[in-house]
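Shown here: protein-v3.cif, mmCIF, C-alpha atoms.
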```cif
data_target
loop_
_atom_site.group_PDB
_atom_site.id
_atom_site.type_symbol
_atom_site.label_atom_id
_atom_site.label_comp_id
_atom_site.auth_asym_id
_atom_site.auth_seq_id
_atom_site.Cartn_x
_atom_site.Cartn_y
_atom_site.Cartn_z
ATOM 1 C CA MET O 1 101.819 72.354 75.455
ATOM 2 C CA TYR O 2 100.443 70.796 78.613
ATOM 3 C CA ALA O 3 100.682 72.694 81.896
ATOM 4 C CA GLU O 4 99.707 71.731 85.427
ATOM 5 C CA ARG O 5 100.146 72.867 89.027
ATOM 6 C CA LYS O 6 99.800 70.695 92.119
ATOM 7 C CA VAL O 7 98.698 72.123 95.461
ATOM 8 C CA SER O 8 99.190 69.948 98.525
ATOM 9 C CA ILE O 9 96.332 69.766 101.015
ATOM 10 C CA PRO O 10 97.401 70.237 104.677
ATOM 11 C CA PRO O 11 96.327 67.642 107.258
ATOM 12 C CA GLY O 12 92.881 68.264 108.741
ATOM 13 C CA VAL O 13 91.603 69.979 105.574
ATOM 14 C CA THR O 14 89.177 68.466 103.084
ATOM 15 C CA VAL O 15 88.679 69.754 99.542
ATOM 16 C CA THR O 16 85.604 68.832 97.504
ATOM 17 C CA GLU O 17 84.160 69.953 94.171
ATOM 18 C CA GLU O 18 80.514 70.376 93.185
ATOM 19 C CA ASN O 19 79.700 71.811 89.734
ATOM 20 C CA SER O 20 83.034 73.692 89.464
ATOM 21 C CA ILE O 21 82.633 75.130 92.997
ATOM 22 C CA ILE O 22 85.616 74.224 95.193
ATOM 23 C CA ILE O 23 84.717 73.773 98.890
ATOM 24 C CA VAL O 24 87.564 73.791 101.429
ATOM 25 C CA THR O 25 86.685 72.723 104.980
ATOM 26 C CA GLY O 26 89.000 72.841 107.982
ATOM 27 C CA PRO O 27 89.060 73.381 111.748
ATOM 28 C CA LYS O 28 88.156 77.099 111.540
ATOM 29 C CA GLY O 29 85.301 76.791 109.054
ATOM 30 C CA SER O 30 84.469 76.319 105.419
ATOM 31 C CA LEU O 31 85.134 78.407 102.304
ATOM 32 C CA GLN O 32 83.826 77.987 98.784
ATOM 33 C CA ARG O 33 84.709 79.562 95.476
ATOM 34 C CA ASP O 34 83.574 79.123 91.886
ATOM 35 C CA MET O 35 86.604 77.965 89.906
ATOM 36 C CA TRP O 36 85.562 77.613 86.298
ATOM 37 C CA TYR O 37 87.564 78.776 83.321
ATOM 38 C CA PRO O 38 87.397 77.399 79.761
ATOM 39 C CA GLY O 39 90.060 74.795 79.115
ATOM 40 C CA ILE O 40 91.109 74.317 82.751
ATOM 41 C CA ALA O 41 90.462 71.073 84.625
ATOM 42 C CA VAL O 42 90.611 70.760 88.419
ATOM 43 C CA SER O 43 91.058 67.260 89.819
ATOM 44 C CA ILE O 44 91.072 66.457 93.537
ATOM 45 C CA GLU O 45 93.152 63.637 94.966
ATOM 46 C CA PRO O 46 93.351 62.624 98.659
ATOM 47 C CA GLU O 47 96.451 64.714 99.433
ATOM 48 C CA SER O 48 96.615 67.247 96.593
ATOM 49 C CA VAL O 49 94.666 69.271 94.045
ATOM 50 C CA THR O 50 95.850 69.324 90.430
ATOM 51 C CA ILE O 51 94.994 72.179 88.085
ATOM 52 C CA SER O 52 95.816 71.445 84.435
ATOM 53 C CA THR O 53 95.223 72.587 80.869
ATOM 54 C CA PRO O 54 96.212 71.337 77.421
ATOM 55 C CA SER O 55 96.112 74.906 76.083
ATOM 56 C CA SER O 56 99.224 76.929 75.284
ATOM 57 C CA LYS O 57 97.560 80.335 75.660
ATOM 58 C CA LYS O 58 99.310 82.680 78.065
ATOM 59 C CA GLN O 59 96.060 83.799 79.707
ATOM 60 C CA THR O 60 94.954 80.218 80.390
ATOM 61 C CA TYR O 61 98.375 79.398 81.826
ATOM 62 C CA ALA O 62 98.138 82.469 84.092
ATOM 63 C CA MET O 63 94.732 81.311 85.361
ATOM 64 C CA ILE O 64 96.294 78.036 86.515
ATOM 65 C CA GLY O 65 98.530 80.016 88.883
ATOM 66 C CA THR O 66 95.558 82.088 90.018
ATOM 67 C CA PHE O 67 93.509 78.978 90.817
ATOM 68 C CA ALA O 68 96.461 77.455 92.707
ATOM 69 C CA SER O 69 96.916 80.647 94.758
ATOM 70 C CA HIS O 70 93.207 80.748 95.614
ATOM 71 C CA ILE O 71 93.275 77.145 96.839
ATOM 72 C CA VAL O 72 96.425 77.765 98.937
ATOM 73 C CA ASN O 73 94.822 80.884 100.478
ATOM 74 C CA MET O 74 91.614 78.977 101.243
ATOM 75 C CA CYS O 75 93.572 76.151 102.924
ATOM 76 C CA THR O 76 95.564 78.662 104.995
ATOM 77 C CA GLY O 77 92.354 80.475 105.983
ATOM 78 C CA VAL O 78 90.531 77.391 107.261
ATOM 79 C CA THR O 79 93.586 76.200 109.237
ATOM 80 C CA ASN O 80 95.214 79.388 110.614
ATOM 81 C CA GLY O 81 92.956 82.268 109.608
ATOM 82 C CA TYR O 82 94.129 85.755 108.704
ATOM 83 C CA ILE O 83 94.930 88.577 111.145
ATOM 84 C CA TYR O 84 95.601 92.156 110.033
ATOM 85 C CA THR O 85 96.886 94.472 112.761
ATOM 86 C CA MET O 86 96.311 98.177 112.192
ATOM 87 C CA LYS O 87 97.761 101.128 114.085
ATOM 88 C CA VAL O 88 95.870 104.338 114.858
ATOM 89 C CA VAL O 89 98.200 107.287 114.244
ATOM 90 C CA TYR O 90 97.350 110.823 115.356
ATOM 91 C CA SER O 91 99.364 113.835 116.408
ATOM 92 C CA HIS O 92 96.895 116.720 116.504
ATOM 93 C CA PHE O 93 93.549 115.355 117.716
ATOM 94 C CA PRO O 94 92.980 112.123 119.698
ATOM 95 C CA VAL O 95 90.943 109.656 117.637
ATOM 96 C CA GLN O 96 88.229 107.498 119.213
ATOM 97 C CA ILE O 97 87.178 104.213 117.614
ATOM 98 C CA LYS O 98 84.056 102.121 118.249
ATOM 99 C CA VAL O 99 82.676 99.022 116.544
ATOM 100 C CA GLN O 100 78.948 99.465 115.912
ATOM 101 C CA GLY O 101 77.389 96.431 114.291
ATOM 102 C CA GLU O 102 78.589 96.212 110.684
ATOM 103 C CA ARG O 103 80.653 99.387 110.685
ATOM 104 C CA LEU O 104 83.553 101.009 112.500
ATOM 105 C CA GLU O 105 82.944 104.528 113.788
ATOM 106 C CA ILE O 106 85.927 106.902 113.790
ATOM 107 C CA VAL O 107 85.262 109.994 115.922
ATOM 108 C CA ASN O 108 87.304 113.237 116.169
ATOM 109 C CA PHE O 109 89.537 112.404 113.206
ATOM 110 C CA LEU O 110 91.514 115.607 112.503
ATOM 111 C CA GLY O 111 89.090 117.406 114.826
ATOM 112 C CA GLU O 112 86.115 116.888 112.523
ATOM 113 C CA LYS O 113 82.687 117.276 114.104
ATOM 114 C CA HIS O 114 81.050 114.465 112.134
ATOM 115 C CA PRO O 115 82.260 110.870 112.589
ATOM 116 C CA ARG O 116 83.634 108.818 109.715
ATOM 117 C CA TYR O 117 82.507 105.233 109.097
ATOM 118 C CA ALA O 118 84.184 102.158 107.627
ATOM 119 C CA LYS O 119 82.170 99.138 106.477
ATOM 120 C CA ILE O 120 82.997 95.793 108.101
ATOM 121 C CA LEU O 121 82.396 93.017 105.585
ATOM 122 C CA PRO O 122 80.650 89.772 106.606
ATOM 123 C CA GLU O 123 82.717 86.825 107.901
ATOM 124 C CA THR O 124 85.253 89.217 109.454
ATOM 125 C CA SER O 125 85.536 90.464 113.014
ATOM 126 C CA VAL O 126 87.053 93.747 114.136
ATOM 127 C CA LYS O 127 88.383 94.467 117.608
ATOM 128 C CA ALA O 128 89.192 98.072 118.422
ATOM 129 C CA GLY O 129 91.606 98.892 121.231
ATOM 130 C CA ASN O 130 93.150 102.196 122.282
ATOM 131 C CA ASP O 131 95.577 102.686 119.407
ATOM 132 C CA GLU O 132 95.123 99.371 117.638
ATOM 133 C CA VAL O 133 92.526 97.748 115.382
ATOM 134 C CA VAL O 134 92.660 93.998 114.710
ATOM 135 C CA VAL O 135 90.774 92.525 111.722
ATOM 136 C CA THR O 136 90.423 88.718 111.702
ATOM 137 C CA GLY O 137 88.699 86.128 109.535
ATOM 138 C CA ILE O 138 89.208 83.034 107.386
ATOM 139 C CA ASN O 139 88.646 84.643 103.970
ATOM 140 C CA LYS O 140 91.766 86.561 102.907
ATOM 141 C CA GLU O 141 89.908 88.765 100.439
ATOM 142 C CA LEU O 142 87.258 89.874 102.936
ATOM 143 C CA VAL O 143 89.814 90.548 105.696
ATOM 144 C CA GLY O 144 91.958 92.602 103.303
ATOM 145 C CA ALA O 145 88.947 94.499 101.939
ATOM 146 C CA THR O 146 87.761 95.358 105.477
ATOM 147 C CA ALA O 147 91.243 96.653 106.365
ATOM 148 C CA ALA O 148 91.247 98.687 103.139
ATOM 149 C CA ASN O 149 87.838 100.162 104.024
ATOM 150 C CA ILE O 150 89.233 101.292 107.381
ATOM 151 C CA GLU O 151 92.326 102.841 105.764
ATOM 152 C CA ARG O 152 90.195 104.565 103.122
ATOM 153 C CA ALA O 153 87.836 106.010 105.736
ATOM 154 C CA THR O 154 90.736 107.935 107.274
ATOM 155 C CA ARG O 155 92.035 109.371 104.022
ATOM 156 C CA ILE O 156 93.347 112.951 104.385
ATOM 157 C CA ARG O 157 91.486 115.535 102.286
ATOM 158 C CA ASN O 158 92.142 119.271 101.939
ATOM 159 C CA ARG O 159 95.296 119.170 104.077
ATOM 160 C CA ASP O 160 98.983 118.629 103.402
ATOM 161 C CA PRO O 161 99.614 114.870 103.895
ATOM 162 C CA ARG O 162 103.265 115.563 104.769
ATOM 163 C CA VAL O 163 102.147 117.480 107.844
ATOM 164 C CA PHE O 164 98.948 115.626 108.732
ATOM 165 C CA GLN O 165 99.992 111.973 108.757
ATOM 166 C CA ASP O 166 97.043 110.934 110.893
ATOM 167 C CA GLY O 167 95.114 107.799 109.968
ATOM 168 C CA ILE O 168 94.681 104.080 110.575
ATOM 169 C CA TYR O 169 97.318 102.028 108.772
ATOM 170 C CA ILE O 170 98.060 98.294 108.348
ATOM 171 C CA VAL O 171 101.265 97.459 110.214
ATOM 172 C CA LYS O 172 101.232 93.640 110.286
ATOM 173 C CA LYS O 173 99.634 90.824 108.287
ATOM 174 C CA GLU O 174 99.558 87.268 109.642
#
```

If you took the structure in this file and wrote it as structure tokens, what would it be?
Amino acid sequence: MYAERKVSIPPGVTVTEENSIIIVTGPKGSLQRDMWYPGIAVSIEPESVTISTPSSKKQTYAMIGTFASHIVNMCTGVTNGYIYTMKVVYSHFPVQIKVQGERLEIVNFLGEKHPRYAKILPETSVKAGNDEVVVTGINKELVGATAANIERATRIRNRDPRVFQDGIYIVKKE
């Protein structure tokens, strides 16, 4: 059984391959990812990328879809970028947020005396407003992981989560 997936390349984006590393370059920057898997061939044409395999194994076939999704996400990142909008929710104690270098400082969460911190991953930028946090970047995985770090930093411990629904939550992904 022969399987293949074609991914079209948007205008203004170039895709190159060097030693199984796919490099996608566009107006917002450049992304690269190692895309090697046994039995899978990636061929780049001027307007599309073809991922194919002669294997009939289910796992190899699944990796074709994974490679195609990664290339689509990289093309979207270098053309439009990714924006995650997060909302600061509090009802008992007003929360203060500050960006300090490579981490986000969350002060007065649930009235705690010590601040909580969330790591901001490289290649992402975080803007903190009054009740809104905006995470932007071209790499979907890093933007999502930074937003997850912020959500995890405001996890409720030792209280009833039905009563204390305070936290910073993702409300919109673009």

- Item | the PyMOL selection byres ((chain O and resi 47-51) around 7) applied to the shown file, residues as a ChimeraX atom specification | /O:4-9,40-46,52,64

Would you put the residues from that selection into a file with C-alpha atoms, as a CSV table (one decimal), keeping the file's coordinate frame?
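Produced file selection_20.csv, reproduced below:
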```csv
chain,number,residue,atom,x,y,z
O,4,GLU,CA,99.7,71.7,85.4
O,5,ARG,CA,100.1,72.9,89.0
O,6,LYS,CA,99.8,70.7,92.1
O,7,VAL,CA,98.7,72.1,95.5
O,8,SER,CA,99.2,69.9,98.5
O,9,ILE,CA,96.3,69.8,101.0
O,40,ILE,CA,91.1,74.3,82.8
O,41,ALA,CA,90.5,71.1,84.6
O,42,VAL,CA,90.6,70.8,88.4
O,43,SER,CA,91.1,67.3,89.8
O,44,ILE,CA,91.1,66.5,93.5
O,45,GLU,CA,93.2,63.6,95.0
O,46,PRO,CA,93.4,62.6,98.7
O,52,SER,CA,95.8,71.4,84.4
O,64,ILE,CA,96.3,78.0,86.5
```

- Message: So the first atom is CA of Ile106 in chain O and the second is CA of Lys173 in chain O; what is the distance between them in Å, to one decimal place?
- Response: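 Interatomic distance, CA of Ile106 in chain O to CA of Lys173 in chain O: 21.8 Å.
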
- Item | the PyMOL selection byres ((chain O and resi 129) around 10) resolved against shown file, as a list in words |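 Taken on the displayed file, the PyMOL selection byres ((chain O and resi 129) around 10) yields the residues Lys87, Val88, Gln96, Ile97, Lys98, Val126, Lys127, Ala128, Asn130, Asp131, Glu132, Val133 and Val134 of chain O.
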
- Message: Residues within 12 Å of Arg33 in chain O, please, as a ChimeraX atom specification. Count all atoms listed in the file; anything in the same chain fewer than 5 positions from it doesn't count.
- Response: /O:15-25,67,70-71,73-74,139,141

Let me have the centre and edge lengths of the axis-aligned box enclosing all listed atoms of range 1-11 of chain O with 5 Å padding on every side, in Å to one decimal, as lines of an AutoDock Vina configuration file.
```
center_x = 99.1
center_y = 70.3
center_z = 91.4
size_x = 15.5
size_y = 15.2
size_z = 41.8
```

- Task: Could you check how far CA of Asp166 in chain O sits from CA of Val89 in chain O, in Å to one decimal?
- Result: 5.1 Å

- Task: For CA of Thr76 in chain O and CA of Asn149 in chain O, quote the distance in Å rounded to one decimal.
- Result: 22.9 Å

- Nearest to Val171 in chain O: which of O:Leu31, O:Ala3, O:Ile138, O:Ala147 is it, counting all atoms listed in the file?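 Closest to Val171 in chain O, using all atoms listed in the file: O:Ala147.
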